[in-house]
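Undergrad: Pasting protein.txt here (compact mmCIF, C-alpha atoms):
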```txt
# COMPACT_ATOMS: atom_id res chain seq x y z
CA MET A 196 -10.03 2.54 -4.83
CA HIS A 197 -6.41 1.44 -5.12
CA GLU A 198 -7.51 -0.94 -7.88
CA LEU A 199 -7.19 1.94 -10.37
CA ALA A 200 -3.51 2.43 -9.52
CA ILE A 201 -3.02 -1.34 -9.49
CA THR A 202 -4.60 -1.72 -12.93
CA GLU A 203 -2.37 1.09 -14.23
CA SER A 204 0.65 -0.74 -12.80
CA LEU A 205 -0.54 -3.89 -14.54
CA VAL A 206 -0.74 -2.15 -17.92
CA ASP A 207 2.68 -0.49 -17.40
CA ALA A 208 4.25 -3.82 -16.44
CA VAL A 209 2.89 -5.59 -19.54
CA THR A 210 3.76 -2.80 -21.99
CA GLU A 211 7.28 -2.56 -20.57
CA ARG A 212 7.87 -6.29 -20.88
CA LEU A 213 6.29 -6.56 -24.35
CA PRO A 214 6.80 -3.19 -26.03
CA GLY A 215 4.77 -2.67 -29.18
CA GLN A 216 3.09 -6.08 -29.09
CA ARG A 217 -0.66 -6.34 -29.24
CA VAL A 218 -1.97 -8.13 -26.18
CA THR A 219 -5.20 -10.11 -26.54
CA CYS A 220 -5.49 -11.62 -23.07
CA VAL A 221 -4.04 -10.99 -19.61
CA ARG A 222 -4.13 -13.64 -16.89
CA LEU A 223 -3.92 -12.42 -13.31
CA GLU A 224 -3.72 -14.11 -9.96
CA ILE A 225 -5.36 -12.19 -7.09
CA GLY A 226 -4.98 -14.03 -3.81
CA ALA A 227 -7.80 -14.06 -1.28
CA LEU A 228 -5.66 -12.09 1.22
CA SER A 229 -4.17 -9.64 -1.31
CA GLY A 230 -6.52 -6.81 -0.35
CA VAL A 231 -7.47 -6.31 -3.98
CA VAL A 232 -11.04 -6.66 -5.27
CA ALA A 233 -11.13 -8.57 -8.57
CA ASP A 234 -14.37 -6.93 -9.71
CA SER A 235 -12.86 -3.47 -9.23
CA VAL A 236 -9.85 -4.46 -11.35
CA ARG A 237 -12.25 -5.71 -14.04
CA PHE A 238 -14.11 -2.40 -13.86
CA CYS A 239 -10.88 -0.39 -14.27
CA PHE A 240 -9.30 -2.60 -16.93
CA ASP A 241 -11.23 -1.35 -19.98
CA LEU A 242 -10.75 2.27 -18.95
CA VAL A 243 -7.04 1.97 -18.30
CA THR A 244 -6.22 -0.12 -21.39
CA GLU A 245 -7.88 2.32 -23.79
CA GLY A 246 -5.35 3.58 -26.30
CA THR A 247 -2.68 1.06 -25.21
CA SER A 248 -1.51 -2.20 -26.76
CA LEU A 249 -3.87 -3.96 -24.32
CA GLU A 250 -7.02 -2.28 -25.64
CA GLY A 251 -9.76 -4.83 -26.16
CA ALA A 252 -7.80 -7.60 -24.40
CA ALA A 253 -9.62 -10.18 -22.31
CA LEU A 254 -8.90 -10.28 -18.59
CA GLU A 255 -8.89 -13.65 -16.84
CA ILE A 256 -8.58 -13.54 -13.06
CA ASP A 257 -7.73 -16.56 -10.96
CA GLN A 258 -8.46 -16.13 -7.24
CA PRO A 259 -6.55 -18.80 -5.32
CA PRO A 260 -7.64 -19.34 -1.72
CA ALA A 261 -5.44 -18.35 1.21
CA VAL A 262 -3.45 -20.95 3.15
CA CYS A 263 -2.21 -20.20 6.68
CA HIS A 264 -0.02 -22.09 9.11
CA CYS A 265 -0.80 -21.95 12.82
CA ARG A 266 2.29 -21.58 14.99
CA VAL A 267 0.39 -22.81 18.06
CA CYS A 268 -1.29 -26.04 16.93
CA GLY A 269 0.95 -26.60 13.90
CA GLY A 270 -1.93 -27.10 11.49
CA ASP A 271 -2.54 -25.50 8.10
CA PHE A 272 -5.95 -23.99 7.35
CA GLU A 273 -7.86 -21.84 4.89
CA PRO A 274 -9.03 -18.68 6.70
CA ASP A 275 -12.69 -17.78 6.54
CA GLY A 276 -12.59 -14.20 5.25
CA PRO A 277 -9.79 -11.63 5.54
CA ILE A 278 -9.09 -12.26 9.23
CA ALA A 279 -6.61 -15.12 9.54
CA MET A 280 -7.64 -16.95 12.71
CA CYS A 281 -6.89 -20.65 13.22
CA PRO A 282 -9.90 -22.82 14.13
CA CYS A 283 -7.97 -23.61 17.36
CA GLY A 284 -8.47 -19.96 18.37
CA SER A 285 -4.90 -18.78 17.77
CA ALA A 286 -4.01 -15.64 15.85
CA GLU A 287 -0.32 -16.63 15.74
CA VAL A 288 -0.41 -17.55 12.09
CA THR A 289 1.91 -17.35 9.12
CA VAL A 290 0.32 -16.70 5.75
CA LEU A 291 1.68 -19.32 3.33
CA ALA A 292 -0.36 -18.32 0.27
CA GLY A 293 -3.09 -15.96 -0.78
CA GLN A 294 -1.32 -12.58 -0.66
CA GLN A 295 -0.10 -12.75 -4.24
CA LEU A 296 -1.02 -10.17 -6.84
CA LYS A 297 0.69 -11.16 -10.05
CA ILE A 298 0.49 -11.39 -13.81
CA THR A 299 0.87 -15.07 -14.64
CA SER A 300 0.83 -14.81 -18.44
CA VAL A 301 -0.36 -12.77 -21.38
CA GLN A 302 -1.43 -13.71 -24.87
CA VAL A 303 0.01 -11.66 -27.70
CA ALA A 304 -1.14 -11.47 -31.29
CA MET B 15 -12.48 -7.52 -57.13
CA CYS B 16 -12.49 -10.75 -55.24
CA GLY B 17 -14.22 -13.74 -56.80
CA ASN B 18 -16.08 -14.72 -53.63
CA CYS B 19 -17.95 -11.65 -52.45
CA GLY B 20 -17.05 -8.80 -54.78
CA CYS B 21 -15.02 -6.87 -52.23
CA ALA B 22 -11.80 -5.06 -53.03
CA GLU B 23 -8.89 -7.43 -53.35
CA ASP B 24 -6.82 -5.73 -50.69
CA ALA B 25 -9.63 -6.56 -48.29
CA ILE B 26 -8.90 -10.24 -48.90
CA VAL B 27 -5.27 -9.63 -48.12
CA ALA B 28 -6.42 -8.09 -44.83
CA VAL B 29 -8.45 -11.20 -44.01
CA LEU B 30 -5.43 -13.39 -44.71
CA ASP B 31 -3.40 -11.16 -42.44
CA THR B 32 -5.91 -11.68 -39.65
CA ASP B 33 -5.72 -15.46 -40.17
CA THR B 34 -1.96 -15.31 -40.02
CA ALA B 35 -2.15 -13.25 -36.87
CA ARG B 36 -4.46 -15.78 -35.25
CA ASP B 37 -1.99 -18.56 -36.04
CA THR B 38 0.84 -16.66 -34.40
CA THR B 39 -1.01 -15.84 -31.20
CA ARG B 40 1.22 -17.01 -28.41
CA THR B 41 1.19 -17.09 -24.67
CA VAL B 42 4.02 -15.37 -22.82
CA GLU B 43 4.64 -16.50 -19.25
CA LEU B 44 5.36 -13.47 -17.07
CA GLN B 45 4.90 -14.59 -13.44
CA GLN B 46 5.50 -11.01 -12.42
CA LYS B 47 4.15 -9.12 -9.42
CA VAL B 48 1.74 -6.40 -10.53
CA LEU B 49 3.41 -3.97 -8.13
CA ALA B 50 6.96 -5.11 -8.97
CA LYS B 51 7.95 -1.63 -10.15
CA ASN B 52 6.70 0.02 -6.95
CA ASP B 53 8.48 -2.65 -4.88
CA GLU B 54 11.75 -2.04 -6.74
CA LEU B 55 11.49 1.70 -6.17
CA ALA B 56 10.65 1.07 -2.51
CA ASP B 57 13.76 -1.11 -2.16
CA GLY B 58 15.73 1.75 -3.73
CA ASN B 59 14.30 4.17 -1.14
CA ARG B 60 15.17 1.71 1.64
CA ARG B 61 18.81 1.49 0.44
CA TRP B 62 19.02 5.27 0.05
CA LEU B 63 17.79 5.76 3.63
CA ARG B 64 20.01 3.02 5.06
CA ASP B 65 23.13 4.37 3.34
CA ARG B 66 22.46 7.77 4.90
CA GLY B 67 21.50 6.48 8.35
CA ILE B 68 17.93 7.84 8.28
CA LEU B 69 14.84 6.33 9.91
CA ALA B 70 11.67 6.52 7.80
CA VAL B 71 8.27 5.54 9.14
CA ASN B 72 5.04 5.31 7.17
CA LEU B 73 2.27 6.87 9.28
CA MET B 74 -1.20 5.78 8.17
CA SER B 75 -4.69 6.43 9.48
CA ALA B 76 -8.23 7.36 8.52
CA PRO B 77 -8.81 11.04 7.68
CA GLY B 78 -9.09 13.13 10.83
CA ALA B 79 -7.47 10.60 13.16
CA GLY B 80 -4.93 13.20 14.25
CA LYS B 81 -1.73 12.38 12.31
CA THR B 82 -0.79 16.01 11.78
CA THR B 83 -1.61 17.03 15.35
CA LEU B 84 0.54 14.18 16.67
CA LEU B 85 3.40 15.23 14.37
CA GLU B 86 3.11 18.86 15.45
CA ARG B 87 3.48 17.77 19.07
CA THR B 88 6.28 15.33 18.21
CA THR B 89 8.17 18.06 16.35
CA LYS B 90 7.83 20.52 19.23
CA ASP B 91 8.74 17.99 21.93
CA LEU B 92 11.65 16.32 20.13
CA GLY B 93 12.78 19.23 17.99
CA ASP B 94 15.91 20.02 19.99
CA THR B 95 17.16 16.43 20.24
CA VAL B 96 15.96 14.69 17.08
CA ALA B 97 15.83 16.18 13.60
CA ILE B 98 12.44 15.37 12.11
CA SER B 99 11.27 15.99 8.59
CA VAL B 100 7.91 15.12 7.11
CA ILE B 101 6.61 14.03 3.72
CA GLU B 102 2.97 15.13 3.68
CA GLY B 103 0.59 13.19 1.47
CA ASP B 104 -2.82 14.66 0.76
CA GLN B 105 -5.09 14.70 -2.24
CA GLU B 106 -5.12 18.49 -2.25
CA THR B 107 -3.93 21.62 -0.39
CA THR B 108 -0.80 22.49 1.59
CA ILE B 109 -2.71 22.98 4.85
CA ASP B 110 -0.89 20.16 6.67
CA ALA B 111 2.53 21.11 5.33
CA LYS B 112 2.07 24.65 6.65
CA ARG B 113 1.09 23.30 10.07
CA ILE B 114 4.16 21.06 10.22
CA GLN B 115 6.42 23.87 9.03
CA ALA B 116 4.99 26.19 11.70
CA ALA B 117 5.76 23.54 14.30
CA GLY B 118 9.40 23.57 13.21
CA SER B 119 9.98 20.58 10.93
CA ARG B 120 11.23 20.50 7.38
CA VAL B 121 8.39 19.34 5.16
CA VAL B 122 7.50 18.54 1.56
CA GLN B 123 3.90 18.31 0.45
CA ILE B 124 2.86 15.73 -2.13
CA ASN B 125 -0.61 16.20 -3.59
CA THR B 126 -1.83 12.97 -5.08
CA GLY B 127 -4.79 14.52 -6.91
CA ALA B 128 -7.15 11.65 -7.64
CA GLY B 129 -4.77 9.19 -5.97
CA CYS B 130 -5.75 7.66 -2.65
CA HIS B 131 -2.28 6.72 -1.38
CA LEU B 132 1.39 7.55 -1.67
CA ASP B 133 3.60 5.29 -3.78
CA ALA B 134 7.33 4.65 -3.76
CA ALA B 135 8.04 7.00 -6.70
CA MET B 136 6.38 9.93 -4.91
CA VAL B 137 8.34 9.20 -1.74
CA ALA B 138 11.61 9.00 -3.72
CA GLN B 139 10.90 12.51 -5.03
CA GLY B 140 9.98 13.71 -1.55
CA LEU B 141 13.19 12.31 -0.04
CA ARG B 142 15.34 14.01 -2.70
CA GLY B 143 13.50 17.25 -2.01
CA LEU B 144 13.96 17.03 1.75
CA ASP B 145 17.53 15.73 1.72
CA PRO B 146 17.27 14.82 5.43
CA PRO B 147 20.43 14.74 7.54
CA SER B 148 22.03 11.53 8.71
CA GLY B 149 20.73 10.26 12.05
CA SER B 150 17.35 11.93 11.55
CA VAL B 151 13.74 10.80 11.29
CA VAL B 152 11.50 11.12 8.24
CA VAL B 153 7.81 10.63 8.90
CA ILE B 154 5.81 9.87 5.77
CA GLU B 155 2.31 11.06 6.56
CA ASN B 156 0.25 9.02 4.13
CA VAL B 157 -3.08 10.05 2.63
CA GLY B 158 -5.84 9.58 5.22
CA ASN B 159 -7.27 6.23 4.21
CA LEU B 160 -7.38 2.84 5.97
CA VAL B 161 -7.56 0.82 2.74
CA CYS B 162 -5.28 1.77 -0.15
CA PRO B 163 -2.00 2.75 1.56
CA ALA B 164 -1.77 -0.78 3.00
CA LEU B 165 -0.74 -2.16 -0.38
CA PHE B 166 2.10 0.16 -1.30
CA ASP B 167 5.57 -0.34 0.13
CA LEU B 168 7.30 3.04 0.31
CA GLY B 169 10.70 1.84 1.52
CA GLU B 170 9.96 2.67 5.16
CA ALA B 171 11.60 0.90 8.09
CA ALA B 172 8.29 0.58 9.95
CA LYS B 173 4.57 1.04 9.44
CA VAL B 174 2.67 2.95 12.10
CA VAL B 175 -1.13 2.96 12.15
CA LEU B 176 -2.85 5.68 14.14
CA ALA B 177 -6.47 5.02 15.10
CA SER B 178 -8.31 7.45 17.32
CA VAL B 179 -10.84 6.44 19.95
CA THR B 180 -13.52 8.58 18.25
CA GLU B 181 -13.46 6.24 15.23
CA GLY B 182 -14.86 3.36 17.29
CA ALA B 183 -13.25 0.19 18.55
CA ASP B 184 -14.14 -1.96 15.55
CA LYS B 185 -11.56 -0.53 13.12
CA PRO B 186 -8.98 -3.37 13.32
CA MET B 187 -11.72 -5.89 12.51
CA LYS B 188 -13.10 -3.75 9.70
CA TYR B 189 -9.73 -2.91 8.11
CA PRO B 190 -7.63 -6.02 8.74
CA HIS B 191 -5.27 -5.48 5.79
CA MET B 192 -4.10 -2.18 7.22
CA PHE B 193 -3.75 -3.33 10.83
CA ARG B 194 -2.15 -6.68 9.93
CA GLN B 195 0.89 -4.87 8.54
CA ALA B 196 1.38 -2.48 11.42
CA ASP B 197 4.58 -2.61 13.47
CA LEU B 198 3.08 -0.09 15.86
CA VAL B 199 -0.54 0.88 16.48
CA LEU B 200 -1.12 4.22 18.18
CA LEU B 201 -4.51 4.56 19.81
CA GLY B 202 -5.01 8.33 19.75
CA LYS B 203 -7.20 11.03 21.31
CA THR B 204 -7.33 9.02 24.56
CA ASP B 205 -8.17 12.25 26.45
CA LEU B 206 -11.67 11.80 24.97
CA LEU B 207 -12.19 8.30 26.44
CA PRO B 208 -14.31 9.59 29.39
CA TYR B 209 -16.89 10.86 26.89
CA LEU B 210 -17.09 7.74 24.74
CA GLU B 211 -18.18 4.15 24.98
CA PHE B 212 -14.88 2.67 23.89
CA ASP B 213 -13.78 -0.63 25.38
CA VAL B 214 -9.97 -0.43 25.33
CA ARG B 215 -9.63 -4.03 26.54
CA GLN B 216 -11.84 -5.33 23.71
CA TYR B 217 -9.84 -3.21 21.26
CA MET B 218 -6.60 -4.79 22.44
CA THR B 219 -8.09 -8.29 22.16
CA ASP B 220 -9.30 -7.62 18.61
CA LEU B 221 -6.00 -6.07 17.60
CA ARG B 222 -4.15 -9.13 18.93
CA ARG B 223 -6.28 -11.30 16.64
CA ILE B 224 -5.43 -9.24 13.56
CA ALA B 225 -1.86 -8.19 14.29
CA PRO B 226 -0.33 -10.34 17.05
CA GLY B 227 3.11 -8.82 16.45
CA ALA B 228 2.09 -5.16 16.62
CA LEU B 229 2.84 -3.01 19.66
CA LEU B 230 -0.05 -0.87 20.94
CA LEU B 231 0.56 2.51 22.57
CA GLN B 232 -2.15 4.85 23.85
CA VAL B 233 -1.48 8.53 23.23
CA SER B 234 -3.07 11.92 23.46
CA ALA B 235 -1.42 14.67 21.44
CA THR B 236 -3.60 17.20 23.28
CA THR B 237 -2.60 16.37 26.86
CA GLY B 238 0.69 14.62 26.11
CA ASP B 239 -0.37 11.44 27.91
CA GLY B 240 1.48 8.43 26.55
CA VAL B 241 3.53 10.36 23.99
CA PRO B 242 6.90 9.68 25.72
CA ALA B 243 6.50 5.97 24.84
CA TRP B 244 5.99 6.95 21.18
CA TYR B 245 9.12 9.13 21.33
CA ASP B 246 11.11 6.26 22.88
CA TRP B 247 9.86 3.93 20.16
CA LEU B 248 11.13 6.38 17.51
CA ARG B 249 14.46 7.10 19.23
CA ARG B 250 15.30 3.40 19.55
CA ARG B 251 14.99 2.98 15.79
CA ILE B 252 17.14 5.89 14.66
CA PRO B 253 20.28 4.48 13.04
CA PRO B 254 23.67 5.87 14.03
CA PRO B 255 24.72 8.79 11.80
CA VAL B 256 26.81 7.88 8.77
CA GLU B 257 30.04 9.80 8.23
```
Could you show the structure in this file as structure tokens?
TA:
Amino acid sequence: MHELAITESLVDAVTERLPGQRVTCVRLEIGALSGVVADSVRFCFDLVTEGTSLEGAALEIDQPPAVCHCRVCGGDFEPDGPIAMCPCGSAEVTVLAGQQLKITSVQVA
Amino acid sequence: MCGNCGCAEDAIVAVLDTDTARDTTRTVELQQKVLAKNDELADGNRRWLRDRGILAVNLMSAPGAGKTTLLERTTKDLGDTVAISVIEGDQETTIDAKRIQAAGSRVVQINTGAGCHLDAAMVAQGLRGLDPPSGSVVVIENVGNLVCPALFDLGEAAKVVLASVTEGADKPMKYPHMFRQADLVLLGKTDLLPYLEFDVRQYMTDLRRIAPGALLLQVSATTGDGVPAWYDWLRRRIPPPVE
């Protein structure tokens, strides 16, 4: 359940960047290959924000798909699930997108 | 009294305040990694280790895979030629730290309590506590868990995943995030292979699919089979001592 620590890091990051400001909405990007479960972050969010400037804030999570590049056939593809295998059968792939775990923006009152 | 509803006048002021607040709601672009702070601390650890000429490896596995037993053997076998110290991560107890200490390595125990992984701040503390000598090896024995430790950079030079044959051959497919990041996969407890249905060839094929760049070594800390290759792997990575 690393999502608890991740949600705590999220709250720390926002309160450090915007000290003393009341936050009404947090927008997150959780890539399909990030290893983080969006529903678990949602579950932790209300608990972790209690008593902070983020208490009561909405949480909007965007989950962009992964994009991989195959070093054998040269094609780009969206992996089916967490195992990045090219449809050509190769596992020699570079992940181009989908590993991100970031705060894109916040709304402050 | 307010003319509209009979409430106290200061209540109206409060409503106006809320309206004003709504007007001033603004969006602040952050575009910041959630784990940016951990990553910064990990980079700090990496610099600290590099400046002192110390090799740090992050050893990860499921609980009971045999991390501590492998480190006991490693400490005893390499003790005279390579200085090894260990940062022990467990939720509770100092059982593992005592075992490592008895084997002859310097050790610090970090108890994470409810936490399921080590993070860069804990490792920074552990490194300061150990103060390892230049030209030595620090093994960070992470909390036994094939999920959470995969996400937290500790500042290590390499990630080592230990998976024992008793866990079954499907672990790389079931825990791809962990195995994908591995520089080295140690397949442990191989002395038990005669008693198990474990297809090593299939395991290697699956691992190739998940982590094509990872090296696989088969080891048994009980019999010592295969451990020299693990020792060579470590020795090759030790930086020259810094004056």
Undergrad: Using all atoms listed in the file, which residues of chain A come within 10 Å of chain B, and what is the closest atom pair for each, with the distance in Å to one decimal? Give it as CSV, sorted by chain and residue number.
TA:
```
residue,atom,partner,partner_atom,distance
A:Met196,CA,B:Cys162,CA,6.7
A:His197,CA,B:Cys162,CA,5.1
A:Glu198,CA,B:Cys162,CA,8.5
A:Leu199,CA,B:Gly129,CA,8.8
A:Ala200,CA,B:Gly129,CA,7.7
A:Ile201,CA,B:Val48,CA,7.0
A:Thr202,CA,B:Val48,CA,8.2
A:Glu203,CA,B:Val48,CA,9.3
A:Ser204,CA,B:Val48,CA,6.2
A:Leu205,CA,B:Val48,CA,5.3
A:Val206,CA,B:Val48,CA,8.9
A:Asp207,CA,B:Lys51,CA,9.0
A:Ala208,CA,B:Val48,CA,6.9
A:Val209,CA,B:Leu44,CA,8.6
A:Arg212,CA,B:Leu44,CA,8.5
A:Leu213,CA,B:Val42,CA,9.2
A:Arg217,CA,B:Thr39,CA,9.7
A:Val218,CA,B:Thr39,CA,9.3
A:Thr219,CA,B:Thr39,CA,8.5
A:Cys220,CA,B:Thr41,CA,8.8
A:Val221,CA,B:Thr41,CA,9.5
A:Arg222,CA,B:Leu44,CA,9.5
A:Leu223,CA,B:Val48,CA,8.7
A:Glu224,CA,B:Gln45,CA,9.3
A:Ile225,CA,B:Val48,CA,9.8
A:Leu228,CA,B:His191,CA,8.0
A:Ser229,CA,B:Leu165,CA,8.3
A:Gly230,CA,B:His191,CA,6.4
A:Val231,CA,B:Leu165,CA,8.7
A:Pro277,CA,B:Pro190,CA,6.8
A:Ile278,CA,B:Ile224,CA,6.4
A:Ala279,CA,B:Ile224,CA,7.2
A:Met280,CA,B:Arg223,CA,7.0
A:Cys281,CA,B:Arg223,CA,10.0
A:Gly284,CA,B:Arg223,CA,9.1
A:Ser285,CA,B:Arg223,CA,7.7
A:Ala286,CA,B:Arg223,CA,5.0
A:Glu287,CA,B:Pro226,CA,6.4
A:Val288,CA,B:Pro226,CA,8.8
A:Gln295,CA,B:Lys47,CA,7.6
A:Leu296,CA,B:Lys47,CA,5.9
A:Lys297,CA,B:Lys47,CA,4.1
A:Ile298,CA,B:Gln46,CA,5.2
A:Thr299,CA,B:Gln45,CA,4.2
A:Ser300,CA,B:Glu43,CA,4.2
A:Val301,CA,B:Val42,CA,5.3
A:Gln302,CA,B:Thr41,CA,4.3
A:Val303,CA,B:Arg40,CA,5.5
A:Ala304,CA,B:Thr39,CA,4.4
```
Undergrad: Work out how far apart CA of Gln294 in chain A and CA of Cys265 in chain A are and give it in Å to one decimal.
TA: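 Separation of CA of Gln294 in chain A and CA of Cys265 in chain A: 16.4 Å.
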Undergrad: Using all atoms listed in the file, which of B:Met136, B:Leu84, B:Ile252, B:Ala76 sits nearest Thr237 in chain B?
TA: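 Among B:Met136, B:Leu84, B:Ile252, B:Ala76, it is B:Leu84 that comes nearest to Thr237 in chain B.
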Undergrad: If you measure from CA of Val256 in chain B to CA of Glu54 in chain B, what distance in Å do you get, rounded to one decimal?
TA: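 Taking CA of Val256 in chain B and CA of Glu54 in chain B, their separation equals 23.8 Å.
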Undergrad: Could you tell me how far CA of Glu170 in chain B lies from CA of Leu63 in chain B, in Å and to one decimal?
TA: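 Going from CA of Glu170 in chain B over to CA of Leu63 in chain B covers 8.6 Å.
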